[in-house]
file final31.cif (mmCIF, C-alpha atoms)
data_start
loop_
_atom_site.group_PDB
_atom_site.id
_atom_site.type_symbol
_atom_site.label_atom_id
_atom_site.label_comp_id
_atom_site.auth_asym_id
_atom_site.auth_seq_id
_atom_site.Cartn_x
_atom_site.Cartn_y
_atom_site.Cartn_z
ATOM 1 C CA MET Q 1035 -16.605 8.260 -14.543
ATOM 2 C CA GLU Q 1036 -17.558 7.351 -10.999
ATOM 3 C CA LEU Q 1037 -16.148 9.008 -7.898
ATOM 4 C CA LEU Q 1038 -16.082 6.276 -5.255
ATOM 5 C CA LYS Q 1039 -14.740 5.986 -1.738
ATOM 6 C CA VAL Q 1040 -12.037 3.337 -1.452
ATOM 7 C CA LYS Q 1041 -14.208 1.346 0.974
ATOM 8 C CA ASN Q 1042 -16.894 1.102 -1.734
ATOM 9 C CA PHE Q 1043 -14.728 -0.734 -4.253
ATOM 10 C CA ALA Q 1044 -11.973 -2.507 -2.301
ATOM 11 C CA SER Q 1045 -11.125 -4.144 1.005
ATOM 12 C CA VAL Q 1046 -8.654 -2.270 3.175
ATOM 13 C CA THR Q 1047 -6.422 -3.808 5.833
ATOM 14 C CA THR Q 1048 -3.690 -2.568 8.143
ATOM 15 C CA GLY Q 1049 -0.675 -4.549 9.204
ATOM 16 C CA GLY Q 1050 0.745 -5.420 12.575
ATOM 17 C CA THR Q 1051 3.997 -6.278 14.294
ATOM 18 C CA PRO Q 1052 4.602 -9.583 16.071
ATOM 19 C CA SER Q 1053 6.305 -9.160 19.434
ATOM 20 C CA THR Q 1054 10.003 -8.589 18.852
ATOM 21 C CA LYS Q 1055 10.639 -10.148 22.275
ATOM 22 C CA ASN Q 1056 9.552 -13.541 20.981
ATOM 23 C CA LYS Q 1057 12.311 -14.986 18.773
ATOM 24 C CA ASP Q 1058 9.917 -17.688 17.531
ATOM 25 C CA PHE Q 1059 7.995 -14.966 15.696
ATOM 26 C CA TRP Q 1060 11.047 -13.780 13.738
ATOM 27 C CA GLU Q 1061 13.973 -16.204 13.578
ATOM 28 C CA GLY Q 1062 13.914 -18.373 10.484
ATOM 29 C CA GLY Q 1063 10.808 -16.619 9.196
ATOM 30 C CA ASP Q 1064 9.931 -16.819 5.527
ATOM 31 C CA ILE Q 1065 6.890 -14.510 5.391
ATOM 32 C CA PRO Q 1066 7.900 -11.112 3.996
ATOM 33 C CA TRP Q 1067 7.171 -8.283 6.466
ATOM 34 C CA LEU Q 1068 7.389 -4.629 5.397
ATOM 35 C CA ASN Q 1069 7.897 -1.441 7.323
ATOM 36 C CA SER Q 1070 6.631 1.863 5.942
ATOM 37 C CA GLY Q 1071 10.089 2.955 4.779
ATOM 38 C CA GLU Q 1072 10.116 0.149 2.249
ATOM 39 C CA LEU Q 1073 7.263 1.841 0.382
ATOM 40 C CA ASN Q 1074 9.882 4.320 -0.852
ATOM 41 C CA GLN Q 1075 10.740 1.645 -3.429
ATOM 42 C CA ASN Q 1076 7.490 2.663 -5.209
ATOM 43 C CA ILE Q 1077 7.246 -0.762 -6.826
ATOM 44 C CA VAL Q 1078 7.940 -2.936 -3.783
ATOM 45 C CA LYS Q 1079 10.127 -5.833 -4.902
ATOM 46 C CA THR Q 1080 12.054 -6.687 -1.737
ATOM 47 C CA THR Q 1081 11.958 -6.567 2.028
ATOM 48 C CA ARG Q 1082 14.636 -6.848 4.678
ATOM 49 C CA ASN Q 1083 12.457 -8.513 7.294
ATOM 50 C CA TYR Q 1084 10.597 -11.789 7.578
ATOM 51 C CA ILE Q 1085 8.294 -13.255 10.196
ATOM 52 C CA THR Q 1086 7.333 -16.836 10.949
ATOM 53 C CA GLU Q 1087 3.927 -18.454 10.547
ATOM 54 C CA LEU Q 1088 3.708 -18.384 14.358
ATOM 55 C CA GLY Q 1089 4.374 -14.632 14.328
ATOM 56 C CA LEU Q 1090 1.663 -14.109 11.717
ATOM 57 C CA LYS Q 1091 -0.893 -16.129 13.696
ATOM 58 C CA ASN Q 1092 -0.077 -14.486 17.038
ATOM 59 C CA SER Q 1093 -0.213 -10.852 15.976
ATOM 60 C CA SER Q 1094 -2.381 -8.452 14.040
ATOM 61 C CA ALA Q 1095 -0.151 -8.918 10.977
ATOM 62 C CA LYS Q 1096 -2.069 -10.050 7.886
ATOM 63 C CA LEU Q 1097 -0.999 -11.336 4.506
ATOM 64 C CA MET Q 1098 -1.680 -8.988 1.620
ATOM 65 C CA PRO Q 1099 -1.694 -10.392 -1.904
ATOM 66 C CA GLU Q 1100 0.424 -9.367 -4.850
ATOM 67 C CA ASN Q 1101 -0.926 -6.190 -6.517
ATOM 68 C CA THR Q 1102 -2.004 -4.654 -3.216
ATOM 69 C CA VAL Q 1103 -1.625 -0.875 -3.178
ATOM 70 C CA LEU Q 1104 0.121 0.177 0.042
ATOM 71 C CA ILE Q 1105 -0.005 3.551 1.773
ATOM 72 C CA ALA Q 1106 2.080 4.652 4.758
ATOM 73 C CA LEU Q 1107 0.107 6.059 7.668
ATOM 74 C CA THR Q 1108 2.587 7.828 9.905
ATOM 75 C CA GLY Q 1109 5.803 9.785 10.316
ATOM 76 C CA SER Q 1110 8.055 10.961 7.517
ATOM 77 C CA THR Q 1111 6.540 8.395 5.157
ATOM 78 C CA THR Q 1112 2.912 9.495 5.664
ATOM 79 C CA GLY Q 1113 1.131 9.219 2.336
ATOM 80 C CA VAL Q 1114 3.953 7.386 0.557
ATOM 81 C CA VAL Q 1115 2.425 4.827 -1.796
ATOM 82 C CA GLY Q 1116 3.857 1.468 -2.814
ATOM 83 C CA PHE Q 1117 2.777 -1.279 -5.197
ATOM 84 C CA LEU Q 1118 3.278 -4.789 -3.826
ATOM 85 C CA THR Q 1119 4.736 -7.306 -6.292
ATOM 86 C CA PHE Q 1120 4.608 -10.325 -3.952
ATOM 87 C CA GLU Q 1121 2.481 -11.594 -1.067
ATOM 88 C CA ALA Q 1122 3.609 -9.958 2.171
ATOM 89 C CA SER Q 1123 2.622 -8.692 5.587
ATOM 90 C CA ALA Q 1124 3.428 -5.248 6.955
ATOM 91 C CA ASN Q 1125 3.609 -3.299 10.179
ATOM 92 C CA GLN Q 1126 0.784 -1.207 11.620
ATOM 93 C CA SER Q 1127 2.064 1.912 9.857
ATOM 94 C CA VAL Q 1128 1.063 0.444 6.493
ATOM 95 C CA THR Q 1129 -2.444 0.059 5.093
ATOM 96 C CA GLY Q 1130 -3.117 -2.124 2.082
ATOM 97 C CA ILE Q 1131 -5.878 -1.627 -0.470
ATOM 98 C CA LEU Q 1132 -6.479 -5.129 -1.761
ATOM 99 C CA PRO Q 1133 -7.082 -5.923 -5.432
ATOM 100 C CA SER Q 1134 -10.731 -6.051 -6.538
ATOM 101 C CA ASN Q 1135 -12.651 -6.499 -9.757
ATOM 102 C CA LYS Q 1136 -13.699 -2.818 -9.684
ATOM 103 C CA HIS Q 1137 -10.273 -1.216 -9.954
ATOM 104 C CA PHE Q 1138 -6.961 -1.757 -11.708
ATOM 105 C CA PRO Q 1139 -4.368 -1.654 -8.899
ATOM 106 C CA LYS Q 1140 -1.666 0.139 -10.911
ATOM 107 C CA TYR Q 1141 -4.148 2.925 -11.758
ATOM 108 C CA LEU Q 1142 -4.978 3.327 -8.064
ATOM 109 C CA PHE Q 1143 -1.252 3.341 -7.227
ATOM 110 C CA TYR Q 1144 -0.592 6.235 -9.605
ATOM 111 C CA TYR Q 1145 -3.671 8.148 -8.507
ATOM 112 C CA LEU Q 1146 -2.760 7.901 -4.814
ATOM 113 C CA LYS Q 1147 0.810 8.991 -5.592
ATOM 114 C CA SER Q 1148 -0.605 12.072 -7.309
ATOM 115 C CA ILE Q 1149 -2.617 13.138 -4.255
ATOM 116 C CA ARG Q 1150 0.122 12.797 -1.623
ATOM 117 C CA PRO Q 1151 0.204 16.602 -1.096
ATOM 118 C CA LYS Q 1152 -3.518 16.462 -0.208
ATOM 119 C CA VAL Q 1153 -2.917 13.504 2.118
ATOM 120 C CA LEU Q 1154 -0.113 15.378 3.884
ATOM 121 C CA HIS Q 1155 -2.332 18.446 4.190
ATOM 122 C CA ASP Q 1156 -5.052 16.309 5.784
ATOM 123 C CA ALA Q 1157 -2.668 14.488 8.153
ATOM 124 C CA TYR Q 1158 -2.877 15.344 11.829
ATOM 125 C CA GLY Q 1159 -0.258 15.480 14.569
ATOM 126 C CA GLY Q 1160 2.698 17.780 15.111
ATOM 127 C CA ALA Q 1161 6.117 16.168 14.803
ATOM 128 C CA GLN Q 1162 4.660 12.885 13.545
ATOM 129 C CA PRO Q 1163 2.004 13.471 10.880
ATOM 130 C CA HIS Q 1164 -0.536 10.664 10.755
ATOM 131 C CA ILE Q 1165 -3.485 9.400 8.756
ATOM 132 C CA SER Q 1166 -5.676 6.444 9.670
ATOM 133 C CA GLN Q 1167 -7.025 3.395 7.917
ATOM 134 C CA GLY Q 1168 -10.428 5.085 8.199
ATOM 135 C CA TYR Q 1169 -9.057 8.092 6.304
ATOM 136 C CA VAL Q 1170 -7.814 5.814 3.508
ATOM 137 C CA LYS Q 1171 -11.214 4.087 3.302
ATOM 138 C CA GLU Q 1172 -12.937 7.463 2.873
ATOM 139 C CA LEU Q 1173 -10.666 8.746 0.074
ATOM 140 C CA LYS Q 1174 -12.713 9.481 -3.039
ATOM 141 C CA ILE Q 1175 -11.170 8.035 -6.191
ATOM 142 C CA PRO Q 1176 -12.228 8.834 -9.770
ATOM 143 C CA LEU Q 1177 -12.799 5.417 -11.323
ATOM 144 C CA PRO Q 1178 -13.226 5.331 -15.080
ATOM 145 C CA PRO Q 1179 -14.127 1.965 -16.650
ATOM 146 C CA LEU Q 1180 -11.481 -0.743 -16.103
ATOM 147 C CA ASP Q 1181 -10.210 -0.635 -19.699
ATOM 148 C CA GLN Q 1182 -9.522 3.096 -19.314
ATOM 149 C CA GLN Q 1183 -7.834 2.534 -15.946
ATOM 150 C CA LYS Q 1184 -5.532 0.001 -17.642
ATOM 151 C CA LYS Q 1185 -4.709 2.412 -20.479
ATOM 152 C CA ILE Q 1186 -3.922 5.241 -18.055
ATOM 153 C CA ALA Q 1187 -1.708 2.946 -15.979
ATOM 154 C CA ALA Q 1188 0.117 1.718 -19.105
ATOM 155 C CA ILE Q 1189 0.840 5.301 -20.189
ATOM 156 C CA LEU Q 1190 2.128 6.175 -16.719
ATOM 157 C CA ASP Q 1191 4.223 2.982 -16.590
ATOM 158 C CA ALA Q 1192 5.815 3.933 -19.916
ATOM 159 C CA ALA Q 1193 6.448 7.494 -18.732
ATOM 160 C CA ASP Q 1194 8.001 6.212 -15.507
ATOM 161 C CA ALA Q 1195 10.238 3.777 -17.405
ATOM 162 C CA TYR Q 1196 11.372 6.632 -19.669
ATOM 163 C CA ARG Q 1197 12.000 8.894 -16.688
ATOM 164 C CA GLN Q 1198 14.152 6.229 -15.041
ATOM 165 C CA LYS Q 1199 16.237 5.845 -18.203
ATOM 166 C CA THR Q 1200 16.984 9.552 -18.532
#
call {"tool": "encode", "arguments": {"input": "final31.cif", "output": "structure tokens"}}
result
Amino acid sequence: MELLKVKNFASVTTGGTPSTKNKDFWEGGDIPWLNSGELNQNIVKTTRNYITELGLKNSSAKLMPENTVLIALTGSTTGVVGFLTFEASANQSVTGILPSNKHFPKYLFYYLKSIRPKVLHDAYGGAQPHISQGYVKELKIPLPPLDQQKKIAAILDAADAYRQKT
């Protein structure tokens, strides 16, 4: 099993927020836009906010594909992990680890959830704990072969489904 830094097996991106003063960036938008609180869904299936194509082009917001693993960077949601089930953008408090051919995203999702206590311990700042995109890129992840990652994720999916039923 390899122990690799996130930056060595996946691309990492952080979101952005179009100016809320410009209605053309928000009104009638159809591009899903997440805030960090929405990562509390775990498996992110919905969002309350949408931006326009103009808002996407005129801000640091970026589209992240389905199966992106999301991690909150700041505040009470620091270290909360979400799994994106649709293409979306997010605010600057959310970093996305994009899918790659070296990792199974659901495996990474579960692994990052398991290390949230470590992430919170490493966070800096008093009232508002914070981690950075650079911190996420440097996280060392144990990466077994892809077939094993898929098996581990399937077991954890089944356990989660059972937990939700009971």
call {"tool": "resolve_selection", "arguments": {"input": "final31.cif", "expression": "the PyMOL selection byres ((chain Q and resi 1060) around 9)", "output": "ChimeraX atom specification"}}
result
/Q:1052-1054,1056-1059,1061-1064,1083-1086,1088-1089
call {"tool": "axis_aligned_box", "arguments": {"input": "final31.cif", "around": "segment 1038-1052 of chain Q", "padding_each_side": "5 Å", "output": "lines of an AutoDock Vina configuration file"}}
result
center_x = -6.1
center_y = -1.7
center_z = 5.4
size_x = 31.5
size_y = 25.9
size_z = 31.3
call {"tool": "closest_residue", "arguments": {"input": "final31.cif", "among": "Q:Val1153, Q:Val1046, Q:Leu1132, Q:Ala1124", "to": "Gly1168 of chain Q", "atoms": "only C-alpha atoms"}}
result
Q:Val1046
call {"tool": "closest_atom_pairs", "arguments": {"input": "final31.cif", "of": "segment 1121-1141 of chain Q", "to": "segment 1109-1117 of chain Q", "cutoff": "10 Å", "atoms": "all atoms listed in the file", "output": "Markdown table"}}
result
| residue | atom | partner | partner_atom | distance |
| --- | --- | --- | --- | --- |
| Q:Ser1127 | CA | Q:Thr1112 | CA | 8.7 |
| Q:Val1128 | CA | Q:Thr1112 | CA | 9.3 |
| Q:Thr1129 | CA | Q:Val1115 | CA | 9.7 |
| Q:Gly1130 | CA | Q:Gly1116 | CA | 9.2 |
| Q:Ile1131 | CA | Q:Phe1117 | CA | 9.9 |
| Q:Pro1139 | CA | Q:Phe1117 | CA | 8.1 |
| Q:Lys1140 | CA | Q:Phe1117 | CA | 7.4 |
call {"tool": "closest_residue", "arguments": {"input": "final31.cif", "among": "Q:Ser1045, Q:Thr1051, Q:Thr1080, Q:Thr1102", "to": "Gln1126 of chain Q", "atoms": "all atoms listed in the file"}}
result
Q:Thr1051
call {"tool": "closest_residue", "arguments": {"input": "final31.cif", "among": "Q:Ile1065, Q:Leu1118, Q:Leu1142, Q:Leu1073", "to": "Gln1183 of chain Q", "atoms": "only C-alpha atoms"}}
result
Q:Leu1142
call {"tool": "atom_distance", "arguments": {"input": "final31.cif", "atom1": "atom CA of Val1103 of chain Q", "atom2": "atom CA of Gly1159 of chain Q"}}
result
24.2 Å
call {"tool": "closest_residue", "arguments": {"input": "final31.cif", "among": "Q:Ala1188, Q:Leu1177, Q:Leu1038, Q:Ala1095", "to": "Gly1050 of chain Q", "atoms": "only C-alpha atoms"}}
result
Q:Ala1095
call {"tool": "closest_residue", "arguments": {"input": "final31.cif", "among": "Q:Ala1044, Q:Ala1192, Q:Ile1165, Q:Ile1149", "to": "Asn1135 of chain Q", "atoms": "all atoms listed in the file"}}
result
Q:Ala1044
call {"tool": "atom_distance", "arguments": {"input": "final31.cif", "atom1": "atom CA of Lys1039 of chain Q", "atom2": "atom CA of Ile1175 of chain Q"}}
result
6.1 Å
call {"tool": "atom_distance", "arguments": {"input": "final31.cif", "atom1": "atom CA of Leu1180 of chain Q", "atom2": "atom CA of Tyr1196 of chain Q"}}
result
24.3 Å
call {"tool": "residues_around", "arguments": {"input": "final31.cif", "residues": "Tyr1169 of chain Q", "least_positions_apart": "5", "cutoff": "10 Å", "atoms": "all atoms listed in the file", "output": "VMD selection string"}}
result
chain Q and resid 1040 1107 1153 1156 to 1157 1164
